[in-house]
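Structure, as structure tokens:
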Amino acid sequence: MRKEYLMTPGPTPIPHQVSLAQAEPMIHHRTPAYTELFVRMVEGLKKVLYTSNDVLTFAASGTGAMEGAVANCFSPGDRVLVAAGGKFGQRFAEIAKVYKLDVELYEYPWDEAADPEVIARLLREKPDIKGVFLTHSETSTGVVNDVKAVGEAVRETPAILVVDSISGAGALELRTDDWGIDVLVTGSQKALMTPPGLAAAAVSAKAWELIEAADSPAYYFCFKKARKKYNSDSPETPYTPAIGLVKAMSEAVELLLAEGMEAAWERHRTLALCTREAVSAMGLELFPKVLERAYAVTAVKAPEGIGGGDIVRHMNRVHGVIIAGGQDRLKGKIFRIGHVGYYDFFDMAVALSALEMTLKELGFDLELGSGLAAAEKTYLEMARK
């Protein structure tokens with residue numbers, strides 16, 4: 001018998017309560033029962049995201065909400081600043097170019113974080129910038145950006161701040177309103193502990209001013225239609241929603257809120273620190289140079305002579321543990337261990353044990369148990385605090 005362990009940074013494992021919610025009988029989306037369910041989910045999401053802004057949802061992956069942010073807030077020719085230090089930062093730039101925006105690209109090294117001072121300087125030098133795009137947790141690299149500091153730089157300018165927190169929301173400290181985030185986009189399949197297919201966008205009053213003036217085309221991802229429907233006497237979506245996913249997300253949000261957001265953030269921090277100590281004890285090198293706030297995924301450099309893809313394939317084929325490889329320019333150079341979402345220390349112990357055995361089997365010189373012992377020591381030390 002083979003048991004598999006999903007240890008990727010998304011999709012992530014689903015709590016059984018969330019899975020069972022999807023198994024309930026189907027309901028119609030234009031009924032009081034659905035309205036009650038939908039409102040409960042949206043209002044719960046507002047608490048998770050620390051926002052009183054409008055929260056709009058769409059049957060899509062997180063990229064759908066990213067595209068919605070571009071399509072609704074800007075017009076062709078508008079100048080926007082995109083901070084890109086990984087695959088998903090680049091995605092914002094790609095979407096913006098599709099909508100014919102004038103993209104000012106601030107590229108920074110993939111193993112570092114965006115510099116808020118650079119963003120502030122660019123805003124001063126180019127006051128016609130209408131939007132700043134930033135990735136909160138860059139899943140492709142393991143780096144987490146200082147959204148709060150960037151928000152302070154953007155807040156006093158006419159520009160809006162658009163943040164992709166698809167792998168950050170629910171796992172990392174995130175205070176949408178306090179940090180001055182004007183459009184916060186996220187997705188269901190990571191720390192929100194729900195299967196892929198549901199996207200959300202929290203939209204500020206400042207962003208709505210741009211939306212009302214913008215003339216880019218948007219149909220399915222039209223924010224104005226979504227807000228109008230939710231603020232009606234019978235809150236709903238303009239088009240047929242992913243009803244099963246709404247049920248699942250509603251349950252997942254309740255689980256997160258029952259745990260408490262600060263407790264959830266600390267759980268992710270603990271698992272990240274345990275994983276870092278473990279891989280370092282194995283003799284491996286972490287990929288990011290900036291580790292502050294980086295608690296969603298651990299990106300590790302593949303050791304010399306062993307490809308990152310070889311490690312991923314061996315762990316899956318031989319030990320049933322599924323982790324992620326590098327993406328884009330990092331393909332074959334790193335591997336990534338997820339601890340975002342429905343994970344505890346013992347999940348990490350399984351992954352780290354499988355990693356040790358995999359490295360040994362692939363010819364890497366290490367002492368079996370060294371990484372696991374380091375993780376256990378770190379976990380116990382943090383539990384005492």
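Following the order of the structure tokens, chains are lettered A, B, ..., residues in each are numbered from 1, and ligands are numbered from 1.
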Fewer than 2 positions away in the same chain doesn't count, so skip those; otherwise give me all residues within 12 Å of Ala23 (chain A), counting only C-alpha atoms, as a short mmCIF file (atom, residue, chain, number, x, y, z; two decimals) with C-alpha atoms, in the first residue's frame.
data_model
loop_
_atom_site.label_atom_id
_atom_site.label_comp_id
_atom_site.auth_asym_id
_atom_site.auth_seq_id
_atom_site.Cartn_x
_atom_site.Cartn_y
_atom_site.Cartn_z
CA HIS A 16 -11.75 16.71 6.22
CA GLN A 17 -14.45 19.20 7.26
CA VAL A 18 -13.76 21.17 4.10
CA SER A 19 -13.88 18.06 1.91
CA LEU A 20 -17.16 16.97 3.49
CA ALA A 21 -18.71 20.37 2.83
CA PRO A 25 -26.26 18.01 -1.68
CA MET A 26 -26.12 20.69 -4.36
CA ILE A 27 -28.18 23.85 -3.84
CA ILE A 243 -21.16 26.43 -5.27
CA GLY A 244 -19.20 23.46 -3.93
CA LEU A 245 -16.10 25.60 -3.52
CA LYS A 247 -19.29 25.68 0.71
CA ALA A 248 -15.73 24.48 1.17
#
Which of region 53-297 of chain A fall in strand (DSSP E), as a PyMOL selection string: chain A and resi 54-58+79-84+102-107+129-135+137-138+143-144+160-164+183-187+199-203+297
Restricting it to N, CA and C atoms, dump the selection as a compact mmCIF listing (two decimals), in the first residue's frame.
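File written: out.txt
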# COMPACT_ATOMS: atom_id res chain seq x y z
N ASP A 54 -14.81 46.11 0.05
CA ASP A 54 -15.58 45.13 -0.71
C ASP A 54 -14.70 43.93 -1.04
N VAL A 55 -15.21 42.72 -0.82
CA VAL A 55 -14.51 41.50 -1.22
C VAL A 55 -15.35 40.83 -2.30
N LEU A 56 -14.76 40.69 -3.47
CA LEU A 56 -15.44 40.12 -4.63
C LEU A 56 -14.85 38.74 -4.91
N THR A 57 -15.69 37.80 -5.30
CA THR A 57 -15.20 36.45 -5.57
C THR A 57 -15.56 36.01 -6.98
N PHE A 58 -14.71 35.15 -7.54
CA PHE A 58 -14.87 34.67 -8.91
C PHE A 58 -14.51 33.19 -8.98
N ARG A 79 0.24 54.26 -17.10
CA ARG A 79 1.56 53.79 -16.65
C ARG A 79 1.41 53.11 -15.29
N VAL A 80 1.98 51.91 -15.18
CA VAL A 80 1.97 51.17 -13.92
C VAL A 80 3.37 50.68 -13.62
N LEU A 81 3.65 50.49 -12.35
CA LEU A 81 4.94 49.99 -11.89
C LEU A 81 4.75 48.56 -11.40
N VAL A 82 5.49 47.63 -11.97
CA VAL A 82 5.42 46.22 -11.55
C VAL A 82 6.75 45.83 -10.93
N ALA A 83 6.71 45.41 -9.67
CA ALA A 83 7.89 44.90 -8.99
C ALA A 83 7.94 43.39 -9.21
N ALA A 84 8.97 42.92 -9.89
CA ALA A 84 9.03 41.50 -10.28
C ALA A 84 10.35 40.89 -9.83
N ASP A 102 1.21 50.79 -19.97
CA ASP A 102 2.61 51.19 -20.09
C ASP A 102 3.33 50.69 -18.84
N VAL A 103 4.06 49.59 -18.98
CA VAL A 103 4.63 48.90 -17.82
C VAL A 103 6.04 49.40 -17.52
N GLU A 104 6.21 49.94 -16.33
CA GLU A 104 7.52 50.28 -15.78
C GLU A 104 7.94 49.08 -14.93
N LEU A 105 8.93 48.33 -15.40
CA LEU A 105 9.29 47.08 -14.74
C LEU A 105 10.46 47.30 -13.79
N TYR A 106 10.22 47.04 -12.53
CA TYR A 106 11.29 47.08 -11.52
C TYR A 106 11.65 45.62 -11.22
N GLU A 107 12.72 45.15 -11.85
CA GLU A 107 13.17 43.78 -11.63
C GLU A 107 14.26 43.76 -10.56
N ILE A 129 2.51 57.48 -12.58
CA ILE A 129 2.24 56.06 -12.33
C ILE A 129 0.90 55.94 -11.60
N LYS A 130 0.01 55.13 -12.15
CA LYS A 130 -1.33 54.98 -11.57
C LYS A 130 -1.47 53.76 -10.66
N GLY A 131 -0.56 52.81 -10.80
CA GLY A 131 -0.68 51.61 -9.98
C GLY A 131 0.66 50.96 -9.74
N VAL A 132 0.81 50.37 -8.56
CA VAL A 132 2.00 49.60 -8.21
C VAL A 132 1.57 48.17 -7.94
N PHE A 133 2.21 47.23 -8.63
CA PHE A 133 1.90 45.81 -8.47
C PHE A 133 3.02 45.13 -7.70
N LEU A 134 2.64 44.38 -6.67
CA LEU A 134 3.62 43.73 -5.81
C LEU A 134 3.14 42.34 -5.43
N THR A 135 4.06 41.39 -5.40
CA THR A 135 3.75 40.05 -4.93
C THR A 135 4.09 39.97 -3.45
N SER A 137 3.85 37.06 -1.24
CA SER A 137 4.66 35.85 -1.07
C SER A 137 4.97 35.30 -2.46
N GLU A 138 6.21 35.43 -2.89
CA GLU A 138 6.62 34.95 -4.22
C GLU A 138 6.88 33.45 -4.12
N VAL A 143 10.62 33.96 -1.33
CA VAL A 143 10.85 35.30 -0.77
C VAL A 143 9.51 35.98 -0.47
N VAL A 144 9.45 36.70 0.65
CA VAL A 144 8.25 37.47 1.01
C VAL A 144 8.62 38.95 1.07
N ILE A 160 -2.48 53.43 -6.85
CA ILE A 160 -3.03 52.40 -5.98
C ILE A 160 -2.03 51.25 -5.86
N LEU A 161 -2.12 50.52 -4.77
CA LEU A 161 -1.26 49.37 -4.54
C LEU A 161 -2.06 48.10 -4.75
N VAL A 162 -1.61 47.28 -5.70
CA VAL A 162 -2.24 46.00 -6.01
C VAL A 162 -1.31 44.89 -5.55
N VAL A 163 -1.80 44.01 -4.69
CA VAL A 163 -0.95 42.99 -4.08
C VAL A 163 -1.50 41.60 -4.36
N ASP A 164 -0.63 40.74 -4.86
CA ASP A 164 -0.93 39.31 -5.01
C ASP A 164 -0.52 38.62 -3.71
N VAL A 183 -5.98 46.90 -3.80
CA VAL A 183 -6.58 45.68 -4.36
C VAL A 183 -5.73 44.51 -3.88
N LEU A 184 -6.34 43.66 -3.08
CA LEU A 184 -5.66 42.47 -2.56
C LEU A 184 -6.28 41.27 -3.24
N VAL A 185 -5.47 40.49 -3.96
CA VAL A 185 -6.02 39.31 -4.64
C VAL A 185 -5.46 38.06 -3.99
N THR A 186 -6.31 37.04 -3.92
CA THR A 186 -5.87 35.77 -3.36
C THR A 186 -6.65 34.64 -4.01
N GLY A 187 -6.26 33.41 -3.67
CA GLY A 187 -6.89 32.23 -4.24
C GLY A 187 -7.13 31.19 -3.16
N ALA A 199 -11.29 32.55 -6.56
CA ALA A 199 -10.42 33.72 -6.41
C ALA A 199 -11.19 34.83 -5.72
N ALA A 200 -10.44 35.70 -5.03
CA ALA A 200 -11.08 36.81 -4.33
C ALA A 200 -10.25 38.07 -4.51
N ALA A 201 -10.93 39.21 -4.49
CA ALA A 201 -10.26 40.51 -4.57
C ALA A 201 -10.91 41.45 -3.57
N ALA A 202 -10.10 42.04 -2.70
CA ALA A 202 -10.58 43.07 -1.77
C ALA A 202 -10.22 44.42 -2.36
N VAL A 203 -11.23 45.29 -2.52
CA VAL A 203 -11.07 46.52 -3.30
C VAL A 203 -11.38 47.74 -2.44
N VAL A 297 6.80 28.98 2.15
CA VAL A 297 7.46 27.90 1.42
C VAL A 297 8.96 28.03 1.64
Counting only C-alpha atoms, which residues of region 161-242 of chain A sit at most 7 Å from some atom of region 336-349 of chain A, and what is each one's closest atom pair with its distance in Å to one decimal, listed by chain and rising residue number, as CSV?
residue,atom,partner,partner_atom,distance
A:Ala171,CA,A:Val340,CA,6.1
A:Lys190,CA,A:Gly341,CA,5.7
A:Ala191,CA,A:Gly341,CA,3.7
A:Leu192,CA,A:Gly341,CA,6.4
A:Met193,CA,A:Gly341,CA,5.6
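Using only C-alpha atoms, the nearest neighbour of Gln327 (chain A) within the list A:Gly180, A:Gly308, A:Gly363, A:Pro196 is A:Gly308.
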Filtered DSSP result for region 99-304 of chain A, state helix (DSSP H, G or I), as a ChimeraX atom specification: /A:116-125,147-155,205-213,223-230,243-259,261-281
Selection: 9 Å around Leu286 (chain A), only C-alpha atoms, excl. self and same-chain fewer than 6 positions, as a VMD selection string: chain A and resid 276 279 to 280 298 to 301 334
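With only C-alpha atoms as the atoms that count, the minimum distance from Gly62 (chain A) to the choices A:Trp179, A:Tyr50, A:Phe88, A:Tyr108 is reached by A:Phe88.
If you look at CA of Phe223 (chain A) and CA of Glu236 (chain A), they are 13.2 Å away from each other.
The closest residue to Leu256 (chain A), picked from A:Gln22, A:Thr194, A:Thr31, A:Asn316 and counting only C-alpha atoms, is A:Thr194.
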Gap from CA of Pro217 (chain A) to CA of Pro238 (chain A) - Å, one decimal: 16.4 Å
All residues 12 Å or closer to Glu212 (chain A), only C-alpha atoms, same chain fewer than 2 positions away omitted, as a VMD selection string: chain A and resid 71 to 75 205 to 210 214 to 216 222 to 225
